[in-house]
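Dropping coords-v8.pdb in here (PDB, C-alpha atoms and all ligand atoms):
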ATOM      1  CA  MET N  13       0.000   0.000   0.000
ATOM      2  CA  LEU N  14       1.220   3.434  -0.850
ATOM      3  CA  LEU N  15       1.006   5.895   2.032
ATOM      4  CA  THR N  16       1.314   9.514   1.042
ATOM      5  CA  GLU N  17       2.716  11.990   3.493
ATOM      6  CA  ASP N  18      -0.547  13.803   3.920
ATOM      7  CA  ALA N  19      -2.864  10.830   4.339
ATOM      8  CA  PRO N  20      -5.270  12.361   6.867
ATOM      9  CA  ASN N  21      -6.285   9.299   8.835
ATOM     10  CA  ILE N  22      -2.910   7.903   9.764
ATOM     11  CA  ALA N  23      -2.516   8.215  13.501
ATOM     12  CA  ARG N  24       0.366  10.551  14.192
ATOM     13  CA  SER N  25       2.133  10.618  17.523
ATOM     14  CA  ILE N  26       0.952  13.434  19.753
ATOM     15  CA  ASP N  27       3.506  15.743  21.401
ATOM     16  CA  PRO N  28       2.679  15.313  25.111
ATOM     17  CA  ALA N  29       3.996  18.781  26.051
ATOM     18  CA  PHE N  30       1.798  20.413  23.380
ATOM     19  CA  ARG N  31      -1.237  18.389  24.503
ATOM     20  CA  HIS N  32      -0.601  19.218  28.160
ATOM     21  CA  ASP N  33      -0.234  22.975  27.550
ATOM     22  CA  ILE N  34      -3.322  23.214  25.337
ATOM     23  CA  VAL N  35      -5.616  20.980  27.414
ATOM     24  CA  THR N  36      -4.572  22.778  30.624
ATOM     25  CA  GLY N  37      -4.908  26.187  28.987
ATOM     26  CA  LEU N  38      -8.396  25.451  27.627
ATOM     27  CA  SER N  39      -9.501  24.073  31.020
ATOM     28  CA  ARG N  40      -8.523  27.319  32.742
ATOM     29  CA  SER N  41     -10.855  30.254  33.260
ATOM     30  CA  PRO N  42     -10.227  32.534  31.448
ATOM     31  CA  LYS N  43      -8.797  30.266  28.749
ATOM     32  CA  ALA N  44      -5.121  31.004  27.974
ATOM     33  CA  THR N  45      -2.455  29.128  25.989
ATOM     34  CA  PRO N  46       1.329  29.725  25.848
ATOM     35  CA  PRO N  47       2.606  31.567  22.740
ATOM     36  CA  THR N  48       5.460  29.081  22.161
ATOM     37  CA  TRP N  49       3.058  26.817  20.233
ATOM     38  CA  PHE N  50       2.505  29.408  17.486
ATOM     39  CA  TYR N  51       5.796  28.436  15.893
ATOM     40  CA  ASP N  52       5.249  25.331  13.817
ATOM     41  CA  ARG N  53       6.573  25.567  10.268
ATOM     42  CA  ARG N  54       3.624  27.626   9.003
ATOM     43  CA  GLY N  55       3.613  29.773  12.164
ATOM     44  CA  SER N  56       7.312  30.561  11.732
ATOM     45  CA  GLU N  57       6.666  31.544   8.099
ATOM     46  CA  LEU N  58       3.774  33.775   9.155
ATOM     47  CA  PHE N  59       5.928  35.402  11.843
ATOM     48  CA  GLU N  60       8.583  36.136   9.197
ATOM     49  CA  ALA N  61       5.853  37.765   7.094
ATOM     50  CA  ILE N  62       4.743  39.809  10.145
ATOM     51  CA  THR N  63       8.257  41.242  10.512
ATOM     52  CA  ASP N  64       7.944  42.698   6.985
ATOM     53  CA  LEU N  65       4.530  44.341   7.530
ATOM     54  CA  PRO N  66       4.395  48.143   7.352
ATOM     55  CA  GLU N  67       2.581  48.228  10.732
ATOM     56  CA  TYR N  68       5.041  45.926  12.548
ATOM     57  CA  TYR N  69       7.816  48.339  13.545
ATOM     58  CA  PRO N  70       9.869  46.263  16.106
ATOM     59  CA  THR N  71      12.044  44.147  13.795
ATOM     60  CA  ARG N  72      12.812  46.963  11.379
ATOM     61  CA  THR N  73      13.563  49.432  14.171
ATOM     62  CA  GLU N  74      15.794  47.091  16.168
ATOM     63  CA  THR N  75      17.697  45.988  13.061
ATOM     64  CA  ALA N  76      18.362  49.631  12.170
ATOM     65  CA  LEU N  77      19.687  50.257  15.706
ATOM     66  CA  LEU N  78      22.023  47.267  15.412
ATOM     67  CA  ALA N  79      23.238  48.430  12.013
ATOM     68  CA  ARG N  80      23.756  52.031  13.105
ATOM     69  CA  HIS N  81      25.515  51.723  16.461
ATOM     70  CA  GLY N  82      28.239  49.163  15.822
ATOM     71  CA  VAL N  83      31.002  51.569  16.820
ATOM     72  CA  ASP N  84      29.259  52.228  20.158
ATOM     73  CA  PHE N  85      28.804  48.496  20.839
ATOM     74  CA  ALA N  86      32.485  47.843  20.149
ATOM     75  CA  ALA N  87      33.467  50.619  22.561
ATOM     76  CA  ALA N  88      31.064  49.477  25.288
ATOM     77  CA  VAL N  89      31.564  45.708  24.978
ATOM     78  CA  GLY N  90      35.110  45.273  23.686
ATOM     79  CA  LYS N  91      36.383  42.556  21.393
ATOM     80  CA  GLY N  92      36.989  38.880  22.121
ATOM     81  CA  ARG N  93      33.849  37.987  24.020
ATOM     82  CA  ALA N  94      31.746  34.882  23.503
ATOM     83  CA  VAL N  95      28.353  36.041  22.231
ATOM     84  CA  VAL N  96      25.563  33.848  23.615
ATOM     85  CA  GLU N  97      22.308  34.469  21.751
ATOM     86  CA  PHE N  98      19.028  33.385  23.328
ATOM     87  CA  GLY N  99      17.083  32.144  20.279
ATOM     88  CA  ALA N 100      18.518  31.101  16.897
ATOM     89  CA  GLY N 101      20.321  34.021  15.313
ATOM     90  CA  SER N 102      18.280  36.004  12.846
ATOM     91  CA  ALA N 103      20.073  36.526   9.547
ATOM     92  CA  ARG N 104      18.989  40.136   9.616
ATOM     93  CA  LYS N 105      20.066  41.122  13.148
ATOM     94  CA  THR N 106      22.949  38.969  14.366
ATOM     95  CA  PRO N 107      25.519  39.725  11.599
ATOM     96  CA  HIS N 108      25.416  43.440  12.481
ATOM     97  CA  LEU N 109      26.406  42.685  16.072
ATOM     98  CA  LEU N 110      29.071  40.105  15.169
ATOM     99  CA  ARG N 111      30.640  42.416  12.612
ATOM    100  CA  ALA N 112      30.766  45.263  15.130
ATOM    101  CA  ILE N 113      32.312  43.511  18.129
ATOM    102  CA  ALA N 114      34.501  40.776  16.549
ATOM    103  CA  PRO N 115      33.681  38.093  19.129
ATOM    104  CA  ALA N 116      35.911  35.088  19.931
ATOM    105  CA  ALA N 117      32.979  32.662  19.629
ATOM    106  CA  TYR N 118      29.267  32.639  18.881
ATOM    107  CA  VAL N 119      26.837  30.384  20.782
ATOM    108  CA  PRO N 120      23.208  30.470  19.629
ATOM    109  CA  ILE N 121      20.720  28.619  21.863
ATOM    110  CA  ASP N 122      17.389  27.467  20.434
ATOM    111  CA  ILE N 123      14.778  24.830  21.145
ATOM    112  CA  SER N 124      14.287  24.019  17.447
ATOM    113  CA  GLY N 125      17.306  22.011  16.270
ATOM    114  CA  ASP N 126      16.422  22.315  12.571
ATOM    115  CA  PHE N 127      16.080  26.059  12.695
ATOM    116  CA  LEU N 128      19.206  26.421  14.834
ATOM    117  CA  HIS N 129      21.415  24.349  12.573
ATOM    118  CA  ALA N 130      20.254  26.165   9.444
ATOM    119  CA  SER N 131      20.898  29.596  10.933
ATOM    120  CA  SER N 132      24.228  28.482  12.467
ATOM    121  CA  ALA N 133      25.458  27.156   9.114
ATOM    122  CA  ALA N 134      24.539  30.445   7.430
ATOM    123  CA  LEU N 135      26.367  32.494  10.078
ATOM    124  CA  ALA N 136      29.438  30.268  10.033
ATOM    125  CA  ALA N 137      29.639  30.723   6.254
ATOM    126  CA  ALA N 138      29.342  34.498   6.594
ATOM    127  CA  PHE N 139      32.015  34.667   9.353
ATOM    128  CA  PRO N 140      34.847  32.326   8.395
ATOM    129  CA  GLY N 141      37.172  31.818  11.357
ATOM    130  CA  LEU N 142      34.482  32.492  13.967
ATOM    131  CA  PRO N 143      33.764  29.391  16.075
ATOM    132  CA  VAL N 144      29.970  28.868  15.940
ATOM    133  CA  LEU N 145      28.828  26.518  18.703
ATOM    134  CA  PRO N 146      25.043  25.977  18.642
ATOM    135  CA  VAL N 147      23.287  24.595  21.717
ATOM    136  CA  VAL N 148      19.919  22.873  21.238
ATOM    137  CA  GLY N 149      17.851  23.519  24.340
ATOM    138  CA  ASP N 150      15.167  25.480  26.138
ATOM    139  CA  PHE N 151      16.764  28.570  27.659
ATOM    140  CA  ASN N 152      13.924  28.683  30.190
ATOM    141  CA  ARG N 153      15.463  25.554  31.755
ATOM    142  CA  PRO N 154      18.943  24.972  33.190
ATOM    143  CA  LEU N 155      21.509  24.296  30.458
ATOM    144  CA  ALA N 156      25.270  24.198  30.013
ATOM    145  CA  LEU N 157      27.471  26.305  27.741
ATOM    146  CA  PRO N 158      30.106  24.620  25.535
ATOM    147  CA  GLY N 159      33.386  23.954  27.343
ATOM    148  CA  ALA N 160      35.268  25.759  24.547
ATOM    149  CA  ILE N 161      34.075  29.161  25.828
ATOM    150  CA  GLU N 162      34.829  28.415  29.490
ATOM    151  CA  ASP N 163      37.532  31.081  29.830
ATOM    152  CA  LEU N 164      35.951  33.773  27.661
ATOM    153  CA  PRO N 165      33.978  36.728  28.997
ATOM    154  CA  ARG N 166      30.394  36.585  27.746
ATOM    155  CA  LEU N 167      27.925  38.883  26.070
ATOM    156  CA  GLY N 168      24.320  37.683  26.203
ATOM    157  CA  PHE N 169      22.192  38.812  23.234
ATOM    158  CA  PHE N 170      18.414  38.682  23.587
ATOM    159  CA  PRO N 171      16.858  40.702  20.747
ATOM    160  CA  GLY N 172      13.301  41.042  19.481
ATOM    161  CA  SER N 173      11.637  42.006  22.764
ATOM    162  CA  THR N 174      11.080  38.289  23.244
ATOM    163  CA  ILE N 175      11.241  39.047  26.988
ATOM    164  CA  GLY N 176       7.918  40.867  26.449
ATOM    165  CA  ASN N 177       6.079  37.563  26.043
ATOM    166  CA  MET N 178       6.673  36.888  29.734
ATOM    167  CA  GLU N 179       4.799  37.997  32.804
ATOM    168  CA  PRO N 180       7.054  40.122  35.050
ATOM    169  CA  ASP N 181       7.799  37.269  37.498
ATOM    170  CA  ALA N 182       8.847  34.908  34.690
ATOM    171  CA  ALA N 183      10.877  37.673  33.010
ATOM    172  CA  VAL N 184      12.795  38.254  36.263
ATOM    173  CA  ASP N 185      13.407  34.515  36.669
ATOM    174  CA  LEU N 186      14.771  34.302  33.117
ATOM    175  CA  LEU N 187      17.070  37.315  33.559
ATOM    176  CA  ARG N 188      18.410  35.757  36.769
ATOM    177  CA  ALA N 189      18.996  32.439  35.005
ATOM    178  CA  MET N 190      20.885  34.282  32.236
ATOM    179  CA  ARG N 191      22.973  36.077  34.852
ATOM    180  CA  ARG N 192      23.863  32.735  36.456
ATOM    181  CA  LEU N 193      24.607  31.065  33.100
ATOM    182  CA  LEU N 194      26.776  33.910  31.757
ATOM    183  CA  GLY N 195      28.725  34.480  34.980
ATOM    184  CA  ASP N 196      30.615  37.371  36.543
ATOM    185  CA  GLY N 197      31.894  40.005  34.180
ATOM    186  CA  ALA N 198      29.169  39.246  31.642
ATOM    187  CA  LYS N 199      27.128  41.803  29.740
ATOM    188  CA  LEU N 200      23.667  41.541  28.266
ATOM    189  CA  LEU N 201      22.343  43.333  25.163
ATOM    190  CA  ILE N 202      18.556  43.098  25.199
ATOM    191  CA  GLY N 203      15.831  44.491  22.931
ATOM    192  CA  MET N 204      12.791  45.958  24.678
ATOM    193  CA  ASP N 205       9.694  47.377  23.004
ATOM    194  CA  ARG N 206       8.570  50.765  24.291
ATOM    195  CA  ILE N 207       5.108  51.856  25.440
ATOM    196  CA  LYS N 208       3.689  54.097  22.710
ATOM    197  CA  ASP N 209       0.537  55.367  21.087
ATOM    198  CA  ARG N 210      -2.250  52.835  21.571
ATOM    199  CA  ASP N 211      -3.438  52.868  17.959
ATOM    200  CA  ARG N 212       0.073  52.274  16.691
ATOM    201  CA  LEU N 213       0.470  49.300  19.047
ATOM    202  CA  ILE N 214      -2.857  47.774  18.080
ATOM    203  CA  ALA N 215      -2.137  48.202  14.351
ATOM    204  CA  ALA N 216       1.156  46.312  14.804
ATOM    205  CA  TYR N 217      -0.808  43.319  16.152
ATOM    206  CA  ASP N 218      -3.895  43.637  13.920
ATOM    207  CA  ASP N 219      -2.510  44.506  10.494
ATOM    208  CA  ALA N 220      -4.574  45.493   7.471
ATOM    209  CA  GLN N 221      -3.513  42.430   5.443
ATOM    210  CA  GLY N 222      -4.604  40.024   8.169
ATOM    211  CA  VAL N 223      -1.225  38.298   8.513
ATOM    212  CA  THR N 224      -1.284  38.525  12.327
ATOM    213  CA  ALA N 225      -4.857  37.183  12.295
ATOM    214  CA  ALA N 226      -3.659  34.217  10.215
ATOM    215  CA  PHE N 227      -0.733  33.730  12.657
ATOM    216  CA  ASN N 228      -3.135  33.615  15.626
ATOM    217  CA  LEU N 229      -5.683  31.372  13.837
ATOM    218  CA  ASN N 230      -2.891  29.015  12.753
ATOM    219  CA  LEU N 231      -2.823  27.826  16.372
ATOM    220  CA  VAL N 232      -6.409  26.558  15.929
ATOM    221  CA  GLU N 233      -5.396  24.696  12.774
ATOM    222  CA  ARG N 234      -2.368  23.219  14.532
ATOM    223  CA  ILE N 235      -4.498  22.017  17.464
ATOM    224  CA  ASN N 236      -6.966  20.413  15.048
ATOM    225  CA  ARG N 237      -4.214  18.720  13.064
ATOM    226  CA  GLU N 238      -1.881  17.598  15.844
ATOM    227  CA  LEU N 239      -4.196  17.083  18.828
ATOM    228  CA  GLU N 240      -7.241  15.457  17.225
ATOM    229  CA  GLY N 241      -9.125  18.738  17.591
ATOM    230  CA  ASP N 242     -12.404  19.746  15.969
ATOM    231  CA  LEU N 243     -12.460  23.488  16.651
ATOM    232  CA  PRO N 244     -14.627  25.239  14.031
ATOM    233  CA  ILE N 245     -12.045  27.679  12.721
ATOM    234  CA  GLU N 246     -14.610  29.878  10.937
ATOM    235  CA  SER N 247     -16.256  30.559  14.315
ATOM    236  CA  PHE N 248     -13.106  32.197  15.746
ATOM    237  CA  VAL N 249     -11.814  35.710  15.111
ATOM    238  CA  HIS N 250      -8.487  37.342  15.910
ATOM    239  CA  ARG N 251      -8.552  40.152  18.481
ATOM    240  CA  ALA N 252      -5.673  42.413  19.550
ATOM    241  CA  ILE N 253      -6.343  44.583  22.603
ATOM    242  CA  TRP N 254      -4.208  47.010  24.613
ATOM    243  CA  ASN N 255      -4.305  46.206  28.348
ATOM    244  CA  ASP N 256      -3.305  49.581  29.764
ATOM    245  CA  ASP N 257      -3.105  48.426  33.382
ATOM    246  CA  LYS N 258      -0.541  45.752  32.505
ATOM    247  CA  ALA N 259       1.042  47.735  29.637
ATOM    248  CA  ARG N 260       0.701  44.912  27.180
ATOM    249  CA  ILE N 261      -0.880  43.946  23.890
ATOM    250  CA  GLU N 262      -2.969  40.817  24.259
ATOM    251  CA  MET N 263      -3.914  38.559  21.389
ATOM    252  CA  HIS N 264      -7.090  36.556  21.757
ATOM    253  CA  LEU N 265      -9.169  34.127  19.704
ATOM    254  CA  GLU N 266     -12.801  35.098  20.212
ATOM    255  CA  ALA N 267     -15.709  32.670  19.758
ATOM    256  CA  LEU N 268     -18.342  34.254  17.499
ATOM    257  CA  ARG N 269     -21.046  31.912  18.802
ATOM    258  CA  SER N 270     -21.543  29.413  21.586
ATOM    259  CA  LEU N 271     -19.288  26.425  20.839
ATOM    260  CA  HIS N 272     -18.564  22.841  21.819
ATOM    261  CA  PHE N 273     -15.389  21.162  20.612
ATOM    262  CA  HIS N 274     -12.904  18.419  21.451
ATOM    263  CA  VAL N 275      -9.131  18.324  21.906
ATOM    264  CA  ALA N 276      -7.250  15.082  22.603
ATOM    265  CA  GLY N 277     -10.467  13.355  23.613
ATOM    266  CA  GLN N 278     -11.616  16.082  26.012
ATOM    267  CA  CYS N 279     -14.745  18.197  25.561
ATOM    268  CA  PHE N 280     -14.679  22.012  25.854
ATOM    269  CA  HIS N 281     -17.301  24.748  25.768
ATOM    270  CA  MET N 282     -17.105  28.459  24.956
ATOM    271  CA  ASP N 283     -19.844  31.072  25.250
ATOM    272  CA  ALA N 284     -20.356  33.533  22.390
ATOM    273  CA  GLY N 285     -17.840  36.360  22.917
ATOM    274  CA  GLU N 286     -15.584  34.282  25.197
ATOM    275  CA  THR N 287     -11.892  34.270  24.221
ATOM    276  CA  ILE N 288      -8.755  32.155  24.365
ATOM    277  CA  HIS N 289      -5.886  34.459  25.409
ATOM    278  CA  THR N 290      -3.033  33.308  23.154
ATOM    279  CA  GLU N 291      -0.264  35.880  23.725
ATOM    280  CA  SER N 292       0.808  38.872  25.778
ATOM    281  CA  SER N 293       3.438  41.273  24.473
ATOM    282  CA  HIS N 294       4.549  43.564  27.280
ATOM    283  CA  LYS N 295       5.777  47.075  26.513
ATOM    284  CA  TYR N 296       8.129  49.084  28.698
ATOM    285  CA  GLY N 297       8.774  52.656  29.724
ATOM    286  CA  ALA N 298      12.401  53.765  30.191
ATOM    287  CA  ARG N 299      12.264  53.193  33.952
ATOM    288  CA  ASP N 300      10.318  49.929  33.581
ATOM    289  CA  GLU N 301      13.201  48.555  31.499
ATOM    290  CA  ARG N 302      15.757  49.429  34.129
ATOM    291  CA  LEU N 303      13.616  48.198  37.007
ATOM    292  CA  LEU N 304      13.086  44.845  35.286
ATOM    293  CA  LEU N 305      16.797  44.438  34.517
ATOM    294  CA  ARG N 306      17.797  45.328  38.085
ATOM    295  CA  ALA N 307      15.223  42.904  39.504
ATOM    296  CA  GLY N 308      16.835  40.274  37.265
ATOM    297  CA  GLY N 309      20.338  40.914  38.599
ATOM    298  CA  TRP N 310      21.638  43.217  35.820
ATOM    299  CA  GLU N 311      22.786  46.833  36.037
ATOM    300  CA  PRO N 312      21.822  48.940  33.000
ATOM    301  CA  ALA N 313      24.891  50.672  31.525
ATOM    302  CA  ALA N 314      23.896  52.082  28.123
ATOM    303  CA  GLU N 315      20.878  52.374  25.882
ATOM    304  CA  TRP N 316      20.189  53.033  22.198
ATOM    305  CA  ILE N 317      16.774  54.191  20.951
ATOM    306  CA  ASP N 318      15.457  55.206  17.523
ATOM    307  CA  ASP N 319      14.439  58.824  16.898
ATOM    308  CA  GLU N 320      10.742  58.050  17.319
ATOM    309  CA  GLY N 321      11.348  56.278  20.652
ATOM    310  CA  LEU N 322       9.710  53.089  19.427
ATOM    311  CA  PHE N 323      12.215  50.455  20.512
ATOM    312  CA  ALA N 324      15.196  50.299  22.876
ATOM    313  CA  LEU N 325      18.394  48.264  22.922
ATOM    314  CA  VAL N 326      19.739  48.154  26.463
ATOM    315  CA  LEU N 327      23.220  47.056  27.513
ATOM    316  CA  ALA N 328      23.515  45.839  31.101
ATOM    317  CA  ASP N 329      26.365  44.595  33.311
ATOM    318  CA  ALA N 330      26.296  41.487  35.474
TER     319      ALA N 330
HETATM  320  C1  LIG B   1       8.330  37.405  18.791
HETATM  321  C2  LIG B   1       7.242  37.732  20.868
HETATM  322  C3  LIG B   1       8.546  39.487  19.939
HETATM  323  O1  LIG B   1       5.375  39.991  20.694
HETATM  324  O2  LIG B   1       5.828  41.223  18.969
HETATM  325  C4  LIG B   1       4.240  39.359  16.664
HETATM  326  C5  LIG B   1       5.408  37.931  18.476
HETATM  327  N1  LIG B   1       2.982  38.202  17.955
HETATM  328  N2  LIG B   1       2.966  39.565  16.319
HETATM  329  C6  LIG B   1       5.829  40.145  19.560
HETATM  330  C7  LIG B   1       4.245  38.490  17.714
HETATM  331  C8  LIG B   1       2.203  38.860  17.085
HETATM  332  C9  LIG B   1       6.453  38.939  18.840
HETATM  333  N3  LIG B   1       7.615  38.382  19.613
END
Output the structure of this file as structure tokens.
Amino acid sequence: MLLTEDAPNIARSIDPAFRHDIVTGLSRSPKATPPTWFYDRRGSELFEAITDLPEYYPTRTETALLARHGVDFAAAVGKGRAVVEFGAGSARKTPHLLRAIAPAAYVPIDISGDFLHASSAALAAAFPGLPVLPVVGDFNRPLALPGAIEDLPRLGFFPGSTIGNMEPDAAVDLLRAMRRLLGDGAKLLIGMDRIKDRDRLIAAYDDAQGVTAAFNLNLVERINRELEGDLPIESFVHRAIWNDDKARIEMHLEALRSLHFHVAGQCFHMDAGETIHTESSHKYGARDERLLLRAGGWEPAAEWIDDEGLFALVLADA
């Protein structure tokens, strides 16, 4: 018998961590799921498309800061450090930093081995002579750095305002874990998205072309495909709201009517208008940034911001 790759009724193995997070999140009130599960292959493609949208300013703004301030980074950081990037290096951002500070080694850490090895190979080709030492792992859990960088001073690099996906307590825990991992004498260069005009923030997460809506709704499709789900996708709509009290954009999937559905053999109900909270993206004022870094064991030392004050790159000392 010939089995094609897409034969729909072949039982596929279920990822127990995915099932656990989704079933727990849908059982909660209000319903909320972790944003990590957005990034299957299609989700990663949609996120790439988001970074090119006219409304989505963070990637473009941060990349321009990295490209513009190389001389400052070199002066503030010095040469010969081991750069430890939290997340696989982005082809657009990381080369600017590496070119500016001439590091002794580059260590990208990412949970997706495929993605990590592809981006590491590309960076190694672009920087002949630079040792590139990828580490596959979840940087939210304890992990070890390669022995080869044992004696080198470290620079942590955490771009993209990825920290913004975390609640303040989790953000502080992660900063402390980075401080412990990188050791005394380390520095951290971190991207943080600024609080700004509400309409501008909402537009960045609810774009005119509907790419962010497709990114959010892709989670429903992934649940249906990978967790034996039967969520009626046409009965969900993407919502982006600004939570002013918590200074964050929230993405939700709102049920347009009263619904019953199943995931991994369990039954769920939603009232019309009820939502699944799928992501929070925290935004920071200048003092919020410094307070968060200090709570996480880092002392802010320098900062670079674009002319419009949209996005900040902060350098902190261990
Ligand atoms: C990758 C977490 C930085 O919060 O802006 C973009 C993800 N979600 N549009 C962000 C995202 C919707 C992004 N981060």
* Selection dump of the PyMOL selection byres (((not hetatm)) within 6 of (chain B and resi 1)), as a VMD selection string -> chain N and resid 172 to 174 177 217 224 293
* Just the residues within 10 Å of Ile317 of chain N, please, counting all atoms listed in the file, with nothing from its chain fewer than 4 positions along; format it as a ChimeraX atom specification. => /N:73-74,77,203-204,206,321-326
* To do: Name every residue that the PyMOL selection byres (((chain N and resi 199) around 6) and not hetatm) selects in this structure, writing the answer as number ranges by chain with chains first and numbers rising.
  => N: 167, 198, 200, 328-330
Against segment 59-66 of chain N, which residues of segment 183-274 of chain N fall within 8 Å? For each one I want the closest pair of atoms and the distance in Å (one decimal), counting all atoms listed in the file, rows by chain and increasing residue number, as a tab-separated table.
residue	atom	partner	partner_atom	distance
N:Asp219	CA	N:Leu65	CA	7.6
N:Val223	CA	N:Ile62	CA	6.4
N:Thr224	CA	N:Ile62	CA	6.5
N:Phe227	CA	N:Phe59	CA	6.9
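Proximity of N:Arg192, N:Arg212, N:Lys43, N:Arg234 to Pro70 of chain N, computed with all atoms listed in the file, is greatest for N:Arg212.
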Exercise on segment 196-202 of chain N, axis-aligned box with 4 Å per side, report centre and edge lengths in Å to one decimal, as AutoDock Vina command-line options:
--center_x 25.2 --center_y 40.4 --center_z 30.9 --size_x 21.3 --size_y 14.0 --size_z 19.4
* To verify the selection step, state as a PyMOL selection string which residues the PyMOL selection byres (((chain N and resi 139) around 12) and not hetatm) yields on this input. => chain N and resi 106-111+114-118+132-138+140-144
* Structure fact -> One decimal place gives the atom CA of Ala226 of chain N-atom CA of Glu240 of chain N separation as 20.3 Å
For segment 41-132 of chain N against segment 26-30 of chain N, with a cut-off of 10 Å and counting only C-alpha atoms, what is the closest atom pair and its distance in Å to one decimal for every residue that makes the cut, ordered by chain and number, as a tab-separated table?
residue	atom	partner	partner_atom	distance
N:Pro46	CA	N:Phe30	CA	9.6
N:Thr48	CA	N:Phe30	CA	9.5
N:Trp49	CA	N:Phe30	CA	7.2
* Atomic separation - atom CA of Ser131 of chain N relative to atom CA of Pro158 of chain N, Å ->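 Atom CA of Pro158 of chain N sits 18.0 Å away from atom CA of Ser131 of chain N.
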